[in-house]
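Student: Pasting a structure below so you can have a look.
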Amino acid sequence: MTLAAPGRGPALALVAPFFLAAPLGLALAGLILAFSNGDTLLAINAPRTVALTHAAVIGWLTMGIFGAVYQLGPAVLGGRLVSSRLARVHFFVHATVVPAFVWTFWQWDVRLMGYAASGLVLSFILFLINAFPAIGTLRRGALPARYLGASLVMLAVTAGFGITWAGTLQHLWFPVTMGRLAGHAHLGLLGWLGLTLMGVAYQLAPMFNVVQRKRPVAGGPILALTVTAALGGGLVLMADPGPWVRLAVAAAMAAGPGAWGIEMLRLMLARSRRTLDVQGRATFVSLGFLVVTICLGLLAAIGKPVSPGHEPTRLLLGYGIAGVSGWAGIMLIGNSYKILPFLVWYHRYRQLAGIRPVPVVADIYSEGAARAVLAVHTTGTIVAIAGALLGDLNILRAGGLMLTLGAALHMVSLAHIVLAPHAPAPRRIGPGEVATR
Amino acid sequence: MNTRDVEQKLRHVIDPELGIDIVSLGLVYGIEVEGEDVHIAMTTTSPQCPMGEALVGMVESVLEYGERDGTTSVEVVFDPPWDVRMADMAALRQLGLVPR
């Protein structure tokens with residue numbers, strides 16, 4: 001058996017920009033939420049809501065996942081990048097296109113939307129050229145690689161539908177119904193984001209929390225179920241089915257993440273590292289939001305009869321915020337405080353370790369700052385969900401502002417990890433320091 | 001240098017993720033000293049541990065420091081797989097498995 005080899009991973013300067021830029025997407029999404037208008041609570045396809053969704057999903061989460069895949073693939077899964085230069089170009093393309101894309105939704109400029117969507121497809125193509133080789137061979141038993149492989153296919157499918165919808169908005173080939181939007185959204189949320197986060201969690205949660213006494217037992221079936229539900233359910237939704245079919249699709253879509261959540265909880269409760277750091281805390285909080293997401297998703301599928309104020313948009317909005325900002329977002333935030341400090345340690349201190357005292361990974365980030373980010377973001381998410389469900393625009397806006405504040409704190413905290421000098425905590429310097437030159 | 005000296009030196013190799021030295025964690029399975037030559041058999045907390053490569057480098061750096069003439073070889077083994085019960089009381093305390 002060979003050791004994982006972070007040395008095969010790309011340079012810090014390649015990966016760090018993805019992590020540092022990702023909170024800008026969250027800040028943008030938070031601001032859009034803070035500038036919600038009456039339409040936000042009345043129509044899930046209102047321009048500002050579509051802008052908000054894409055800022056959060058593509059600007060924040062996807063940007064962070066790009067960085068994680070570029071790092072974790074070569075370092076942990078045994079693959080390698082086709083070209084680091086291509087990944088750098090990809091960053092600039094994505095970072096340029098996302099604000100333009102979000103702007104076209106805000107303005108509802110369908111002509112420019114088509115151009116921006118084309119730029120986004122280019123960004124995804126650049127990513128996929130590197131990402132498939134980066135996750136290595138989909139060898140039997142390598143759960144994270146299989147999840148990531150499936151999620152990359154789902155990204156391509158989601159992008160394919162996305163650019164088609166952008167094209168038809170401009171050229172009026174056929175109407176973009178609510179069902180078609182829902183299908184596209186669920187292919188992206190469950191197929192791309194969900195599968196990626198589930199696969200990465202299978203790798204990172206047991207590793208960082210020293211889980212040994214339990215092993216994943218249903219990773220393969222959960223993957224098959226989730227892929228089938230995301231793809232099949234997404235296509236069924238595009239046909240604008242009735243409420244009972246919607247409910248069946250929602251139950252099928254919830255089954256995979258639900259089973260994964262139970263499995264993750266089982267693993268986390270069996271951890272040997274009992275003292276939870278921010279990544280461990282974030283995992284539990286994220287699992288809590290997964291439960292909320294599933295409940296709201298099932299209710300939203302039923303629709304009007306169970307909607308507060310008989311207004312289904314409120315449930316849909318709350319469901320989206322719980323899934324994107326709560327489940328997926330908090331998982332990403334938690335893992336950022338592992339992936340980025342590890343990268344900094346590896347590239348800056350590995351050569352010095354064993355020769356002189358160096359910081360450990362926990363010395364590279366501020367646990368206090370990370371907890372503050374987690375607390376502000378979690379509170380902002382809860383407030384925003386409450387605002388959506390209550391139909392109170394002011395509460396919704398307050399949630400948006402809190403998410404923006406959390407994003408700003410997160411960005412400063414991550415920048416400090418990358419840019420600031422670090423020193424070993426005194427307690428970790430060994431007695432006598434025999435290894436000090 | 002005897003095995004005790006080597007073990008003392010290895011206590012300065014800190015797992016960067018857990019912040020605990022590799023001897024206390026029970027990651028060092030064997031130390032053989034033949035004259036000036038040292039052979040270490042060690043493991044990592046999991047086969048996919050991203051710090052594995054770095055830990056091996058740190059062990060080599062610690063043992064090659066100074067004016068020793070012999071060679072250092074480090075073998076990474078996964079049989080038996082590491083178990084937290086191999087860690088000593090101080091490490092278990094730091095992991096939160098026993099009260100401080």
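Letters A, B, ... mark the chains of the structure tokens in the order given; residue numbers begin at 1 per chain; ligand numbers begin at 1, in order shown.
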Using only C-alpha atoms, select each residue of chain B with any atom at most 10 Å away from an atom of chain A, and give the selection as a tab-separated table (two decimals) with C-alpha atoms, in the first residue's frame.
Tutor:
```tsv
chain	number	residue	atom	x	y	z
B	8	GLN	CA	13.45	9.90	22.70
B	9	LYS	CA	14.29	11.54	19.39
B	10	LEU	CA	11.09	10.24	17.80
B	11	ARG	CA	9.09	11.91	20.56
B	12	HIS	CA	9.96	15.16	18.79
B	13	VAL	CA	8.12	14.08	15.66
B	14	ILE	CA	4.67	15.58	16.12
B	15	ASP	CA	1.72	14.47	14.01
B	16	PRO	CA	0.85	17.84	12.43
B	17	GLU	CA	-2.87	17.13	12.42
B	18	LEU	CA	-3.34	15.70	15.90
B	19	GLY	CA	-0.54	17.68	17.63
B	20	ILE	CA	0.68	14.53	19.41
B	21	ASP	CA	4.07	12.86	19.01
B	43	THR	CA	2.47	3.30	10.53
B	44	THR	CA	0.03	6.16	10.07
B	45	THR	CA	-3.39	6.68	11.63
B	46	SER	CA	-4.97	5.64	8.33
B	47	PRO	CA	-3.55	4.43	5.02
B	48	GLN	CA	-4.93	7.55	3.33
B	49	CYS	CA	-3.41	9.88	5.94
B	50	PRO	CA	-2.25	12.90	3.93
B	51	MET	CA	0.48	13.49	6.49
B	52	GLY	CA	2.04	10.04	6.01
B	53	GLU	CA	4.71	11.14	3.58
B	54	ALA	CA	5.53	14.14	5.76
B	55	LEU	CA	5.80	11.99	8.91
B	56	VAL	CA	8.35	9.71	7.24
B	57	GLY	CA	10.38	12.75	6.21
B	58	MET	CA	10.23	14.12	9.76
B	59	VAL	CA	11.43	10.82	11.22
B	60	GLU	CA	14.36	10.79	8.82
B	61	SER	CA	15.20	14.42	9.61
B	62	VAL	CA	15.15	13.86	13.36
B	63	LEU	CA	17.31	10.75	13.20
B	64	GLU	CA	19.79	12.12	10.70
B	65	TYR	CA	20.36	15.27	12.70
B	66	GLY	CA	23.72	15.51	14.40
B	76	VAL	CA	5.75	2.15	6.68
B	77	VAL	CA	3.55	-0.83	7.47
B	78	PHE	CA	-0.21	-1.22	7.83
B	81	PRO	CA	-3.54	-1.40	11.32
B	82	TRP	CA	-3.13	1.35	13.87
B	83	ASP	CA	-5.72	1.42	16.59
B	84	VAL	CA	-6.27	4.20	19.07
B	85	ARG	CA	-5.70	1.68	21.88
B	92	LEU	CA	-5.63	9.50	24.87
B	93	ARG	CA	-6.08	12.46	27.19
B	94	GLN	CA	-5.27	14.89	24.37
B	95	LEU	CA	-7.70	13.11	22.06
B	96	GLY	CA	-10.37	13.54	24.71
B	97	LEU	CA	-10.81	9.80	25.25
B	98	VAL	CA	-9.94	9.98	28.94
```
Student: Could you pull the residues within 10 Å of range 39-43 of chain A, counting only C-alpha atoms, minus those fewer than 2 positions along the same chain, as a PyMOL selection string?
Tutor: chain A and resi 33+35-37+45-50+178+311-317+387-393+396
Student: Mind writing the picked residues with N, CA and C atoms as an mmCIF file, in the first residue's frame?
Tutor:
```
data_model
loop_
_atom_site.group_PDB
_atom_site.id
_atom_site.type_symbol
_atom_site.label_atom_id
_atom_site.label_comp_id
_atom_site.auth_asym_id
_atom_site.auth_seq_id
_atom_site.Cartn_x
_atom_site.Cartn_y
_atom_site.Cartn_z
ATOM 1 N N LEU A 33 -29.738 38.584 -0.982
ATOM 2 C CA LEU A 33 -30.821 38.258 -0.050
ATOM 3 C C LEU A 33 -31.203 39.484 0.775
ATOM 4 N N PHE A 35 -31.151 42.416 -0.215
ATOM 5 C CA PHE A 35 -31.905 43.336 -1.075
ATOM 6 C C PHE A 35 -33.130 42.645 -1.697
ATOM 7 N N SER A 36 -33.623 41.645 -0.978
ATOM 8 C CA SER A 36 -34.829 40.953 -1.471
ATOM 9 C C SER A 36 -35.969 41.943 -1.605
ATOM 10 N N ASN A 37 -36.834 41.685 -2.583
ATOM 11 C CA ASN A 37 -38.063 42.485 -2.663
ATOM 12 C C ASN A 37 -39.268 41.554 -2.546
ATOM 13 N N ASN A 45 -38.898 31.711 -9.132
ATOM 14 C CA ASN A 45 -38.123 32.038 -10.337
ATOM 15 C C ASN A 45 -38.006 33.553 -10.548
ATOM 16 N N ALA A 46 -38.205 34.326 -9.460
ATOM 17 C CA ALA A 46 -38.006 35.781 -9.556
ATOM 18 C C ALA A 46 -36.528 36.059 -9.856
ATOM 19 N N PRO A 47 -36.242 37.097 -10.657
ATOM 20 C CA PRO A 47 -34.851 37.348 -11.051
ATOM 21 C C PRO A 47 -33.874 37.368 -9.878
ATOM 22 N N ARG A 48 -34.246 38.026 -8.778
ATOM 23 C CA ARG A 48 -33.298 38.116 -7.666
ATOM 24 C C ARG A 48 -33.057 36.755 -7.012
ATOM 25 N N THR A 49 -34.082 35.930 -7.001
ATOM 26 C CA THR A 49 -33.911 34.598 -6.399
ATOM 27 C C THR A 49 -33.010 33.734 -7.274
ATOM 28 N N VAL A 50 -33.183 33.835 -8.587
ATOM 29 C CA VAL A 50 -32.321 33.066 -9.491
ATOM 30 C C VAL A 50 -30.879 33.580 -9.384
ATOM 31 N N MET A 178 -41.721 25.854 -14.540
ATOM 32 C CA MET A 178 -41.234 25.684 -13.169
ATOM 33 C C MET A 178 -40.615 24.286 -12.993
ATOM 34 N N GLU A 311 -48.627 29.760 0.561
ATOM 35 C CA GLU A 311 -47.711 30.331 -0.427
ATOM 36 C C GLU A 311 -46.497 29.403 -0.583
ATOM 37 N N PRO A 312 -46.527 28.496 -1.593
ATOM 38 C CA PRO A 312 -45.468 27.484 -1.725
ATOM 39 C C PRO A 312 -44.061 28.071 -1.858
ATOM 40 N N THR A 313 -43.963 29.301 -2.380
ATOM 41 C CA THR A 313 -42.640 29.897 -2.585
ATOM 42 C C THR A 313 -41.864 29.994 -1.278
ATOM 43 N N ARG A 314 -42.572 30.260 -0.200
ATOM 44 C CA ARG A 314 -41.893 30.396 1.090
ATOM 45 C C ARG A 314 -41.193 29.091 1.480
ATOM 46 N N LEU A 315 -41.928 27.989 1.306
ATOM 47 C CA LEU A 315 -41.339 26.685 1.627
ATOM 48 C C LEU A 315 -40.154 26.382 0.711
ATOM 49 N N LEU A 316 -40.335 26.667 -0.573
ATOM 50 C CA LEU A 316 -39.254 26.396 -1.532
ATOM 51 C C LEU A 316 -38.005 27.207 -1.198
ATOM 52 N N LEU A 317 -38.225 28.476 -0.833
ATOM 53 C CA LEU A 317 -37.090 29.346 -0.498
ATOM 54 C C LEU A 317 -36.390 28.846 0.776
ATOM 55 N N GLY A 387 -37.174 33.773 8.077
ATOM 56 C CA GLY A 387 -37.751 34.869 7.299
ATOM 57 C C GLY A 387 -38.544 34.348 6.114
ATOM 58 N N ALA A 388 -37.982 33.321 5.445
ATOM 59 C CA ALA A 388 -38.685 32.752 4.288
ATOM 60 C C ALA A 388 -39.989 32.096 4.729
ATOM 61 N N LEU A 389 -39.937 31.275 5.775
ATOM 62 C CA LEU A 389 -41.130 30.534 6.192
ATOM 63 C C LEU A 389 -42.207 31.461 6.754
ATOM 64 N N LEU A 390 -41.753 32.509 7.469
ATOM 65 C CA LEU A 390 -42.721 33.446 8.047
ATOM 66 C C LEU A 390 -43.239 34.440 7.017
ATOM 67 N N GLY A 391 -42.551 34.490 5.883
ATOM 68 C CA GLY A 391 -42.940 35.455 4.859
ATOM 69 C C GLY A 391 -42.636 36.875 5.283
ATOM 70 N N ASP A 392 -41.607 37.027 6.114
ATOM 71 C CA ASP A 392 -41.246 38.348 6.625
ATOM 72 C C ASP A 392 -39.978 38.823 5.916
ATOM 73 N N LEU A 393 -40.154 39.818 5.072
ATOM 74 C CA LEU A 393 -39.048 40.306 4.250
ATOM 75 C C LEU A 393 -37.902 40.861 5.101
ATOM 76 N N LEU A 396 -35.882 38.045 6.536
ATOM 77 C CA LEU A 396 -35.115 37.452 5.424
ATOM 78 C C LEU A 396 -33.894 38.321 5.102
#
```
Student: Applying 9 Å and only C-alpha atoms, which residues near Ala87 in chain B remain after dropping the ones on its own chain fewer than 6 positions away? List them as number ranges by chain.
Tutor: B: 22-27
Student: Report, in Å to a single decimal, how far apart CA of Ser307 in chain A and CA of Ala384 in chain A are.
Tutor: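 One can read the CA of Ala384 in chain A to CA of Ser307 in chain A distance as 16.7 Å.
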Student: Which residues in chain B does DSSP call alpha helix (DSSP H)? List them as a count of residues only.
Tutor: 32
Student: Fewer than 5 positions away in the same chain doesn't count, so skip those; otherwise give me all residues within 9 Å of Ala100 in chain A, counting only C-alpha atoms, as a VMD selection string.
Tutor: chain A and resid 105 112 to 113 116
Student: Could you give me, as a PDB file with C-alpha atoms, in the first residue's frame, the residues within 9 Å of Met1 in chain B, counting only C-alpha atoms and dropping anything in the same chain fewer than 6 positions from it?
Tutor:
```pdb
ATOM      1  CA  VAL B  33      19.622  -0.262  16.065  1.00  0.00           C
ATOM      2  CA  GLY B  35      25.765  -0.100  15.340  1.00  0.00           C
ATOM      3  CA  GLU B  36      25.070   3.333  13.878  1.00  0.00           C
ATOM      4  CA  VAL B  38      18.722   2.661  12.559  1.00  0.00           C
ATOM      5  CA  ARG B  68      25.777  10.181  13.334  1.00  0.00           C
TER       6      ARG B  68
END
```
Student: Counting only C-alpha atoms, what is within 8 Å of range 219-233 of chain A, bar same-chain residues fewer than 6 positions away, as number ranges by chain?
Tutor: A: 143, 147, 150, 154, 183, 186-187, 190-191, 195, 249-250, 252-253, 255-257, 259-260
Student: What gap, in Å, lies between CA of Gly406 in chain A and CA of Leu298 in chain A?
Tutor: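 So the answer is 28.7 Å.
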Student: Please report the interatomic distance between CA of His54 in chain A and CA of Ala408 in chain A in Å with one decimal.
Tutor: 18.8 Å
Student: Out of A:Leu414, A:Leu148, A:Ala55, A:Val176, which residue has the shortest atom-to-atom distance to Ala239 in chain A when counting only C-alpha atoms?
Tutor: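 Closest residue, counting only C-alpha atoms: A:Val176.
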Student: Extract, using only C-alpha atoms, all DNA, RNA and protein residues at most 6 Å from Arg80 in chain A, discarding same-chain residues fewer than 5 positions from it, and format them as a ChimeraX atom specification.
Tutor: /A:74,133-134
Student: If you run DSSP on the backbone here, which positions in range 35-81 of chain B get strand (DSSP E)? Please write them as a list in words.
Tutor: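 Strand (DSSP E) members of range 35-81 of chain B, listed: Asp37, Val38, His39, Ile40, Ala41, Met42, Thr72, Ser73, Val74, Glu75 and Val76 of chain B.
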Student: Find, counting only C-alpha atoms, the residue in A:Phe19, A:Trp60, A:Tyr337, A:Tyr115 that gets nearest to Val324 in chain A.
Tutor: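 For Val324 in chain A, the nearest of the given residues is A:Trp60.
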